[in-house]
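Just below is one structure, and these are the notes that go with it.
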Amino acid sequence: MAAEDSSIPPPKSGRHSIYRGIRCRSGKWVSEIRKPRQTARIWLGTYATPEMAAAAYDVAAIALKGPEAKINFPALASTYPKHASDGDEDIRAAASAAASAIAPRNARAGEASSSVAADEFLDEEALFGMPKLLDDMAQGMLVSPPAEEDRSPEDYSGNDTLWSYP
């Protein structure tokens with residue numbers, strides 16, 4: 001499956017799409033689906049293109065509503081990954097796999113995936129190579145102001161100090 005597939009119609013411009021189950025939020029395309037006969041929804045993820053979000057919706061629609069579900073790309077239905085169970089996590093995983101399969105080549109070749117589950121942990125300390133960053137910042141907040149006698153006269157300019165509070 002490729003985003004250049006002729007069975008995928010071009011999206012409308014702007015925030016609104018011709019696809020079911022998706023919308024534009026902050027320049028990214030998000031997808032979610034309502035469970036049949038319930039008010040609960042399954043969050044399917046945030047994607048770089050409307051086609052990726054629409055494919056994620058299609059997989060979830062087939063999982064929840066069966067093969068007769070109204071989907072965005074009927075010609076691709078047989079190529080979509082199958083969900084392991086009827087659980088939300090398995091449906092979300094299959095939807096993410098379908099979206100990744102039609103991702104533009106440049107998105108697959110090195111850009112980070114834009115589909116991040118809400119409960120997925122992102123370790124910023126490891127990502128930026130700064131171990132104990134948050135611990136160091138918290139420790140810095142506990143530092144007491146220097147005593148008056150510890151400051152040299154040239155460092156002191158009246159009452160304008162970091163430690164003076166209004």
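In the structure tokens, chains take the letters A, B, ... in the order shown, each chain's residues start at 1, and ligands count up from 1 in the order shown.
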
Do a neighbour search on Tyr47 in chain A at 12 Å with only C-alpha atoms, toss out local chain neighbours closer than 3 positions, and write the hits as a PyMOL selection string. chain A and resi 22-32+43-44+50-57+95-100+102-104+107+112-117

Based on the selection just made, write C-alpha atoms of those residues as a PDB file, in the first residue's frame.
```pdb
ATOM      1  CA  ILE A  22     -10.806  12.167  11.132  1.00  0.00           C
ATOM      2  CA  ARG A  23     -10.210  15.863  11.735  1.00  0.00           C
ATOM      3  CA  CYS A  24      -7.345  18.316  11.685  1.00  0.00           C
ATOM      4  CA  ARG A  25      -5.962  19.468  15.029  1.00  0.00           C
ATOM      5  CA  SER A  26      -2.938  21.785  15.205  1.00  0.00           C
ATOM      6  CA  GLY A  27      -1.767  20.862  11.728  1.00  0.00           C
ATOM      7  CA  LYS A  28      -1.923  17.104  12.375  1.00  0.00           C
ATOM      8  CA  TRP A  29      -4.678  14.675  11.460  1.00  0.00           C
ATOM      9  CA  VAL A  30      -6.380  12.815  14.306  1.00  0.00           C
ATOM     10  CA  SER A  31      -8.610   9.789  14.166  1.00  0.00           C
ATOM     11  CA  GLU A  32     -11.099   8.302  16.594  1.00  0.00           C
ATOM     12  CA  TRP A  43      -8.661   7.176  20.239  1.00  0.00           C
ATOM     13  CA  LEU A  44      -6.774   5.895  17.186  1.00  0.00           C
ATOM     14  CA  PRO A  50      -5.306  12.622   6.318  1.00  0.00           C
ATOM     15  CA  GLU A  51      -4.903   9.337   4.417  1.00  0.00           C
ATOM     16  CA  MET A  52      -3.013   7.765   7.305  1.00  0.00           C
ATOM     17  CA  ALA A  53      -5.713   8.846   9.776  1.00  0.00           C
ATOM     18  CA  ALA A  54      -8.440   7.605   7.416  1.00  0.00           C
ATOM     19  CA  ALA A  55      -6.778   4.179   7.094  1.00  0.00           C
ATOM     20  CA  ALA A  56      -6.587   3.930  10.892  1.00  0.00           C
ATOM     21  CA  TYR A  57     -10.305   4.716  11.077  1.00  0.00           C
ATOM     22  CA  ALA A  95      -5.108   0.876  13.088  1.00  0.00           C
ATOM     23  CA  SER A  96      -1.610   2.249  13.651  1.00  0.00           C
ATOM     24  CA  ALA A  97      -0.115  -0.509  11.492  1.00  0.00           C
ATOM     25  CA  ALA A  98      -2.511   0.324   8.649  1.00  0.00           C
ATOM     26  CA  ALA A  99      -1.645   4.010   8.889  1.00  0.00           C
ATOM     27  CA  SER A 100       2.076   3.252   8.853  1.00  0.00           C
ATOM     28  CA  ILE A 102       0.356   4.047   3.716  1.00  0.00           C
ATOM     29  CA  ALA A 103       2.678   6.644   5.220  1.00  0.00           C
ATOM     30  CA  PRO A 104       4.527   8.767   2.669  1.00  0.00           C
ATOM     31  CA  ALA A 107       7.763   9.754   6.805  1.00  0.00           C
ATOM     32  CA  ALA A 112       9.626  10.028  13.914  1.00  0.00           C
ATOM     33  CA  SER A 113       6.216   8.425  13.904  1.00  0.00           C
ATOM     34  CA  SER A 114       3.491  10.907  14.636  1.00  0.00           C
ATOM     35  CA  SER A 115       1.265   8.240  16.081  1.00  0.00           C
ATOM     36  CA  VAL A 116       1.981   8.137  19.802  1.00  0.00           C
ATOM     37  CA  ALA A 117      -0.391   6.375  22.124  1.00  0.00           C
TER      38      ALA A 117
END
```

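Using only C-alpha atoms, the residues found no farther than 9 Å from Ile42 in chain A, other than those of its own chain fewer than 5 positions away, are Ser31, Glu32, Ile33, Arg34, Lys35, Ala60, Asp88, Glu89, Ile91 and Arg92 of chain A.
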
Rounded to one decimal, what separation in Å do you get between CA of Ala77 in chain A and CA of Ala63 in chain A? 11.2 Å

What separates CA of His83 in chain A and CA of Leu64 in chain A is a distance of 10.2 Å

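Distance-wise, CA of Ala93 in chain A and CA of Phe128 in chain A end up 27.1 Å apart.
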